[in-house]
Amino acid sequence: VQLQASGGGLVHAGGSLRLSCAASGGTFSTYTMGWFRQAPGKEREFVTGMIWNGRRLYYADSVKGRFTISRDNAENTVYLQMSSLKPEDTAVYYCAAVDKTYGSNWPYEELDYSYWGQGTQVTVSS
């Protein structure tokens, strides 16, 4: 499975960006998808994730109410709409996938995911 993230860039605080992650080489419609980010000098952290049918999704507290994850299984793509961006959102954003579905035991850790995209840089200026 290959994941290709795109849509990063430079934006002013308060602005918006939409990231995309296109999947190929697997059965995207069965995957749990996640977005992680890694800021300079920090560990990679969970941002948001969604199971295959979109009926279960989770957000990190730091992005609740500002970020929205969505997916289009027909297009093999997952999106991350980011609004009200803050300088502390500056990071490399990664999409990830795992061919499992989850109930209450959500996969928040990097090791829970089998496939990773290459990352896209998001920079929020103050």
# chains A, B, ... in the order shown; residues from 1 in each chain; ligands from 1
>>> residues_around(residues="Arg71 (chain A)", least_positions_apart="2", cutoff="10 Å", atoms="only C-alpha atoms", output="list in words")
Ser20, Cys21, Ala22, Phe28, Ser29, Met33, Met50, Ile51, Trp52, Asn53, Gly54, Ile69, Asn73, Ala74, Glu75, Asn76, Thr77, Val78, Tyr79 and Leu80 of chain A
>>> select_by_dssp(residues="chain A", states="strand (DSSP E)", output="VMD selection string")
chain A and resid 2 to 6 9 to 12 17 to 24 32 to 38 45 to 50 57 to 59 67 to 72 77 to 82 91 to 98 115 to 116 120 to 125
>>> residues_around(residues="region 59-67 of chain A", least_positions_apart="6", cutoff="10 Å", atoms="only C-alpha atoms", output="MDAnalysis selection string")
chainID A and resid 16:18 34:36 45:50 80:86 88:89 108
>>> write_last_selection(atoms="N, CA and C atoms", output="PDB file, in the first residue's frame")
ATOM      1  N   SER A  16      -6.712  28.447   6.907  1.00  0.00           N
ATOM      2  CA  SER A  16      -7.148  27.068   6.701  1.00  0.00           C
ATOM      3  C   SER A  16      -6.304  26.390   5.641  1.00  0.00           C
ATOM      4  N   LEU A  17      -6.226  25.087   5.755  1.00  0.00           N
ATOM      5  CA  LEU A  17      -5.598  24.245   4.747  1.00  0.00           C
ATOM      6  C   LEU A  17      -6.354  22.927   4.699  1.00  0.00           C
ATOM      7  N   ARG A  18      -6.325  22.296   3.537  1.00  0.00           N
ATOM      8  CA  ARG A  18      -6.872  20.948   3.438  1.00  0.00           C
ATOM      9  C   ARG A  18      -5.788  20.012   2.933  1.00  0.00           C
ATOM     10  N   GLY A  34      -5.429   7.311   9.654  1.00  0.00           N
ATOM     11  CA  GLY A  34      -5.064   8.262  10.691  1.00  0.00           C
ATOM     12  C   GLY A  34      -4.184   9.362  10.142  1.00  0.00           C
ATOM     13  N   TRP A  35      -4.185  10.485  10.830  1.00  0.00           N
ATOM     14  CA  TRP A  35      -3.256  11.582  10.573  1.00  0.00           C
ATOM     15  C   TRP A  35      -2.431  11.791  11.841  1.00  0.00           C
ATOM     16  N   PHE A  36      -1.148  11.914  11.651  1.00  0.00           N
ATOM     17  CA  PHE A  36      -0.209  12.224  12.720  1.00  0.00           C
ATOM     18  C   PHE A  36       0.558  13.474  12.316  1.00  0.00           C
ATOM     19  N   GLU A  45       2.891  12.700  16.902  1.00  0.00           N
ATOM     20  CA  GLU A  45       1.705  12.579  17.721  1.00  0.00           C
ATOM     21  C   GLU A  45       0.462  12.354  16.875  1.00  0.00           C
ATOM     22  N   PHE A  46      -0.491  11.661  17.464  1.00  0.00           N
ATOM     23  CA  PHE A  46      -1.776  11.409  16.823  1.00  0.00           C
ATOM     24  C   PHE A  46      -2.562  12.702  16.710  1.00  0.00           C
ATOM     25  N   VAL A  47      -3.194  12.908  15.552  1.00  0.00           N
ATOM     26  CA  VAL A  47      -4.036  14.076  15.332  1.00  0.00           C
ATOM     27  C   VAL A  47      -5.499  13.661  15.240  1.00  0.00           C
ATOM     28  N   THR A  48      -5.790  12.734  14.330  1.00  0.00           N
ATOM     29  CA  THR A  48      -7.160  12.296  14.126  1.00  0.00           C
ATOM     30  C   THR A  48      -7.164  10.995  13.353  1.00  0.00           C
ATOM     31  N   GLY A  49      -8.287  10.286  13.424  1.00  0.00           N
ATOM     32  CA  GLY A  49      -8.400   9.040  12.680  1.00  0.00           C
ATOM     33  C   GLY A  49      -9.854   8.663  12.479  1.00  0.00           C
ATOM     34  N   MET A  50     -10.055   7.757  11.522  1.00  0.00           N
ATOM     35  CA  MET A  50     -11.412   7.374  11.147  1.00  0.00           C
ATOM     36  C   MET A  50     -11.408   5.929  10.673  1.00  0.00           C
ATOM     37  N   LEU A  80      -7.895  15.962   5.480  1.00  0.00           N
ATOM     38  CA  LEU A  80      -7.824  16.625   6.774  1.00  0.00           C
ATOM     39  C   LEU A  80      -8.046  18.113   6.527  1.00  0.00           C
ATOM     40  N   GLN A  81      -9.222  18.582   6.884  1.00  0.00           N
ATOM     41  CA  GLN A  81      -9.541  20.005   6.784  1.00  0.00           C
ATOM     42  C   GLN A  81      -9.109  20.672   8.080  1.00  0.00           C
ATOM     43  N   MET A  82      -8.224  21.634   7.960  1.00  0.00           N
ATOM     44  CA  MET A  82      -7.687  22.317   9.135  1.00  0.00           C
ATOM     45  C   MET A  82      -8.100  23.779   9.083  1.00  0.00           C
ATOM     46  N   SER A  83      -8.750  24.235  10.127  1.00  0.00           N
ATOM     47  CA  SER A  83      -9.202  25.615  10.199  1.00  0.00           C
ATOM     48  C   SER A  83      -8.697  26.244  11.490  1.00  0.00           C
ATOM     49  N   SER A  84      -8.798  27.548  11.554  1.00  0.00           N
ATOM     50  CA  SER A  84      -8.339  28.289  12.737  1.00  0.00           C
ATOM     51  C   SER A  84      -6.937  27.847  13.142  1.00  0.00           C
ATOM     52  N   LEU A  85      -6.079  27.775  12.165  1.00  0.00           N
ATOM     53  CA  LEU A  85      -4.741  27.259  12.416  1.00  0.00           C
ATOM     54  C   LEU A  85      -3.948  28.159  13.344  1.00  0.00           C
ATOM     55  N   LYS A  86      -3.118  27.527  14.150  1.00  0.00           N
ATOM     56  CA  LYS A  86      -2.289  28.221  15.125  1.00  0.00           C
ATOM     57  C   LYS A  86      -0.811  27.923  14.828  1.00  0.00           C
ATOM     58  N   GLU A  88       1.299  26.719  16.687  1.00  0.00           N
ATOM     59  CA  GLU A  88       1.654  25.433  17.281  1.00  0.00           C
ATOM     60  C   GLU A  88       1.181  24.235  16.467  1.00  0.00           C
ATOM     61  N   ASP A  89       0.425  24.480  15.412  1.00  0.00           N
ATOM     62  CA  ASP A  89       0.051  23.408  14.484  1.00  0.00           C
ATOM     63  C   ASP A  89       1.153  23.154  13.449  1.00  0.00           C
ATOM     64  N   TYR A 108      -4.011   4.875  18.756  1.00  0.00           N
ATOM     65  CA  TYR A 108      -3.417   6.200  18.899  1.00  0.00           C
ATOM     66  C   TYR A 108      -1.910   6.203  18.660  1.00  0.00           C
TER      67      TYR A 108
END
>>> atom_distance(atom1="CA of Trp106 (chain A)", atom2="CA of Thr123 (chain A)")
28.0 Å
>>> atom_distance(atom1="CA of Gly103 (chain A)", atom2="CA of Leu57 (chain A)")
9.7 Å
>>> atom_distance(atom1="CA of Gly26 (chain A)", atom2="CA of Tyr102 (chain A)")
18.7 Å
>>> select_by_dssp(residues="chain A", states="helix (DSSP H, G or I)", output="PyMOL selection string")
chain A and resi 28-30+87-89+110-112
>>> write_last_selection(atoms="N, CA and C atoms", output="mmCIF file, in the first residue's frame")
data_model
loop_
_atom_site.group_PDB
_atom_site.id
_atom_site.type_symbol
_atom_site.label_atom_id
_atom_site.label_comp_id
_atom_site.auth_asym_id
_atom_site.auth_seq_id
_atom_site.Cartn_x
_atom_site.Cartn_y
_atom_site.Cartn_z
ATOM 1 N N PHE A 28 -8.495 0.224 0.102
ATOM 2 C CA PHE A 28 -8.624 1.418 0.931
ATOM 3 C C PHE A 28 -9.901 1.403 1.752
ATOM 4 N N SER A 29 -10.972 0.893 1.174
ATOM 5 C CA SER A 29 -12.276 0.994 1.826
ATOM 6 C C SER A 29 -12.355 0.187 3.120
ATOM 7 N N THR A 30 -11.406 -0.665 3.384
ATOM 8 C CA THR A 30 -11.414 -1.438 4.636
ATOM 9 C C THR A 30 -10.464 -0.882 5.687
ATOM 10 N N PRO A 87 0.082 28.786 15.254
ATOM 11 C CA PRO A 87 1.512 28.494 15.046
ATOM 12 C C PRO A 87 1.929 27.145 15.620
ATOM 13 N N GLU A 88 1.299 26.719 16.687
ATOM 14 C CA GLU A 88 1.654 25.433 17.281
ATOM 15 C C GLU A 88 1.181 24.235 16.467
ATOM 16 N N ASP A 89 0.425 24.480 15.412
ATOM 17 C CA ASP A 89 0.051 23.408 14.484
ATOM 18 C C ASP A 89 1.153 23.154 13.449
ATOM 19 N N GLU A 110 1.859 5.175 16.875
ATOM 20 C CA GLU A 110 2.462 4.949 15.559
ATOM 21 C C GLU A 110 2.530 3.472 15.219
ATOM 22 N N LEU A 111 2.894 2.656 16.186
ATOM 23 C CA LEU A 111 3.086 1.239 15.927
ATOM 24 C C LEU A 111 1.792 0.511 15.580
ATOM 25 N N ASP A 112 0.675 1.147 15.811
ATOM 26 C CA ASP A 112 -0.611 0.540 15.465
ATOM 27 C C ASP A 112 -0.872 0.569 13.958
#
>>> residues_around(residues="Lys42 (chain A)", least_positions_apart="2", cutoff="12 Å", atoms="only C-alpha atoms", output="list in words")
Arg37, Gln38, Ala39, Pro40, Arg44, Glu45, Glu88, Thr90, Ala91 and Val92 of chain A
>>> write_last_selection(atoms="N, CA, C and O atoms", output="PDB file, in the first residue's frame")
ATOM      1  N   ARG A  37       1.248  14.056  13.275  1.00  0.00           N
ATOM      2  CA  ARG A  37       2.118  15.181  12.947  1.00  0.00           C
ATOM      3  C   ARG A  37       3.352  15.149  13.840  1.00  0.00           C
ATOM      4  O   ARG A  37       3.324  14.604  14.940  1.00  0.00           O
ATOM      5  N   GLN A  38       4.391  15.755  13.324  1.00  0.00           N
ATOM      6  CA  GLN A  38       5.638  15.828  14.075  1.00  0.00           C
ATOM      7  C   GLN A  38       6.231  17.217  13.933  1.00  0.00           C
ATOM      8  O   GLN A  38       6.602  17.629  12.821  1.00  0.00           O
ATOM      9  N   ALA A  39       6.278  17.918  15.038  1.00  0.00           N
ATOM     10  CA  ALA A  39       6.877  19.245  15.077  1.00  0.00           C
ATOM     11  C   ALA A  39       8.376  19.108  15.337  1.00  0.00           C
ATOM     12  O   ALA A  39       8.828  18.094  15.877  1.00  0.00           O
ATOM     13  N   PRO A  40       9.155  20.123  14.974  1.00  0.00           N
ATOM     14  CA  PRO A  40      10.601  20.050  15.193  1.00  0.00           C
ATOM     15  C   PRO A  40      10.942  19.793  16.652  1.00  0.00           C
ATOM     16  O   PRO A  40      10.429  20.456  17.551  1.00  0.00           O
ATOM     17  N   ARG A  44       6.378  12.275  17.146  1.00  0.00           N
ATOM     18  CA  ARG A  44       5.191  12.236  16.312  1.00  0.00           C
ATOM     19  C   ARG A  44       3.975  11.990  17.191  1.00  0.00           C
ATOM     20  O   ARG A  44       4.004  11.150  18.089  1.00  0.00           O
ATOM     21  N   GLU A  45       2.891  12.700  16.902  1.00  0.00           N
ATOM     22  CA  GLU A  45       1.705  12.579  17.721  1.00  0.00           C
ATOM     23  C   GLU A  45       0.462  12.354  16.875  1.00  0.00           C
ATOM     24  O   GLU A  45       0.364  12.831  15.741  1.00  0.00           O
ATOM     25  N   GLU A  88       1.299  26.719  16.687  1.00  0.00           N
ATOM     26  CA  GLU A  88       1.654  25.433  17.281  1.00  0.00           C
ATOM     27  C   GLU A  88       1.181  24.235  16.467  1.00  0.00           C
ATOM     28  O   GLU A  88       1.509  23.090  16.786  1.00  0.00           O
ATOM     29  N   THR A  90       2.172  23.978  13.448  1.00  0.00           N
ATOM     30  CA  THR A  90       3.279  23.797  12.517  1.00  0.00           C
ATOM     31  C   THR A  90       3.956  22.452  12.745  1.00  0.00           C
ATOM     32  O   THR A  90       4.377  22.134  13.857  1.00  0.00           O
ATOM     33  N   ALA A  91       4.026  21.663  11.684  1.00  0.00           N
ATOM     34  CA  ALA A  91       4.581  20.315  11.786  1.00  0.00           C
ATOM     35  C   ALA A  91       4.588  19.680  10.403  1.00  0.00           C
ATOM     36  O   ALA A  91       3.987  20.202   9.468  1.00  0.00           O
ATOM     37  N   VAL A  92       5.238  18.545  10.322  1.00  0.00           N
ATOM     38  CA  VAL A  92       5.076  17.674   9.159  1.00  0.00           C
ATOM     39  C   VAL A  92       3.913  16.748   9.478  1.00  0.00           C
ATOM     40  O   VAL A  92       3.895  16.104  10.532  1.00  0.00           O
TER      41      VAL A  92
END
>>> decode(residues="region 59-78 of chain A", atoms="N, CA, C and O atoms", output="CSV table (one decimal), in the first residue's frame")
chain,number,residue,atom,x,y,z
A,59,TYR,N,-10.3,12.6,17.6
A,59,TYR,CA,-9.5,13.7,17.5
A,59,TYR,C,-8.6,13.9,18.7
A,59,TYR,O,-9.1,13.7,19.8
A,60,ALA,N,-7.4,14.4,18.5
A,60,ALA,CA,-6.6,14.9,19.7
A,60,ALA,C,-7.3,16.1,20.3
A,60,ALA,O,-7.9,16.9,19.5
A,61,ASP,N,-7.2,16.3,21.5
A,61,ASP,CA,-7.9,17.4,22.2
A,61,ASP,C,-7.4,18.7,21.6
A,61,ASP,O,-8.1,19.7,21.5
A,62,SER,N,-6.1,18.8,21.2
A,62,SER,CA,-5.6,20.0,20.7
A,62,SER,C,-6.2,20.5,19.4
A,62,SER,O,-6.0,21.7,19.0
A,63,VAL,N,-6.9,19.6,18.7
A,63,VAL,CA,-7.4,20.0,17.4
A,63,VAL,C,-8.9,19.9,17.3
A,63,VAL,O,-9.5,20.3,16.3
A,64,LYS,N,-9.5,19.4,18.4
A,64,LYS,CA,-11.0,19.3,18.4
A,64,LYS,C,-11.7,20.6,18.1
A,64,LYS,O,-11.3,21.7,18.6
A,65,GLY,N,-12.7,20.6,17.2
A,65,GLY,CA,-13.4,21.8,16.9
A,65,GLY,C,-12.7,22.6,15.8
A,65,GLY,O,-13.3,23.6,15.2
A,66,ARG,N,-11.5,22.3,15.4
A,66,ARG,CA,-10.8,23.0,14.3
A,66,ARG,C,-10.4,22.2,13.1
A,66,ARG,O,-10.4,22.6,12.0
A,67,PHE,N,-10.2,20.9,13.4
A,67,PHE,CA,-9.8,20.0,12.3
A,67,PHE,C,-10.9,19.0,12.1
A,67,PHE,O,-11.6,18.6,13.0
A,68,THR,N,-11.1,18.6,10.8
A,68,THR,CA,-12.1,17.6,10.4
A,68,THR,C,-11.5,16.6,9.5
A,68,THR,O,-10.9,17.0,8.4
A,69,ILE,N,-11.7,15.3,9.8
A,69,ILE,CA,-11.2,14.3,9.0
A,69,ILE,C,-12.4,13.8,8.1
A,69,ILE,O,-13.5,13.7,8.6
A,70,SER,N,-12.1,13.4,6.9
A,70,SER,CA,-13.2,12.8,6.1
A,70,SER,C,-12.5,11.9,5.1
A,70,SER,O,-11.3,11.9,4.9
A,71,ARG,N,-13.3,11.0,4.4
A,71,ARG,CA,-12.7,10.1,3.5
A,71,ARG,C,-13.7,9.9,2.3
A,71,ARG,O,-14.9,10.0,2.5
A,72,ASP,N,-13.1,9.6,1.2
A,72,ASP,CA,-13.9,9.2,0.0
A,72,ASP,C,-13.4,7.9,-0.5
A,72,ASP,O,-12.3,7.8,-1.1
A,73,ASN,N,-14.1,6.8,-0.1
A,73,ASN,CA,-13.6,5.5,-0.4
A,73,ASN,C,-13.6,5.2,-1.9
A,73,ASN,O,-12.9,4.4,-2.4
A,74,ALA,N,-14.5,5.9,-2.7
A,74,ALA,CA,-14.5,5.8,-4.1
A,74,ALA,C,-13.3,6.4,-4.8
A,74,ALA,O,-12.8,5.9,-5.8
A,75,GLU,N,-12.7,7.4,-4.1
A,75,GLU,CA,-11.5,8.0,-4.6
A,75,GLU,C,-10.2,7.6,-3.9
A,75,GLU,O,-9.1,8.1,-4.2
A,76,ASN,N,-10.4,6.6,-2.9
A,76,ASN,CA,-9.2,6.1,-2.2
A,76,ASN,C,-8.4,7.3,-1.5
A,76,ASN,O,-7.2,7.3,-1.5
A,77,THR,N,-9.2,8.2,-1.0
A,77,THR,CA,-8.5,9.4,-0.4
A,77,THR,C,-9.1,9.8,0.9
A,77,THR,O,-10.3,9.7,1.1
A,78,VAL,N,-8.2,10.2,1.8
A,78,VAL,CA,-8.7,10.7,3.1
A,78,VAL,C,-8.2,12.2,3.2
A,78,VAL,O,-7.1,12.5,2.6
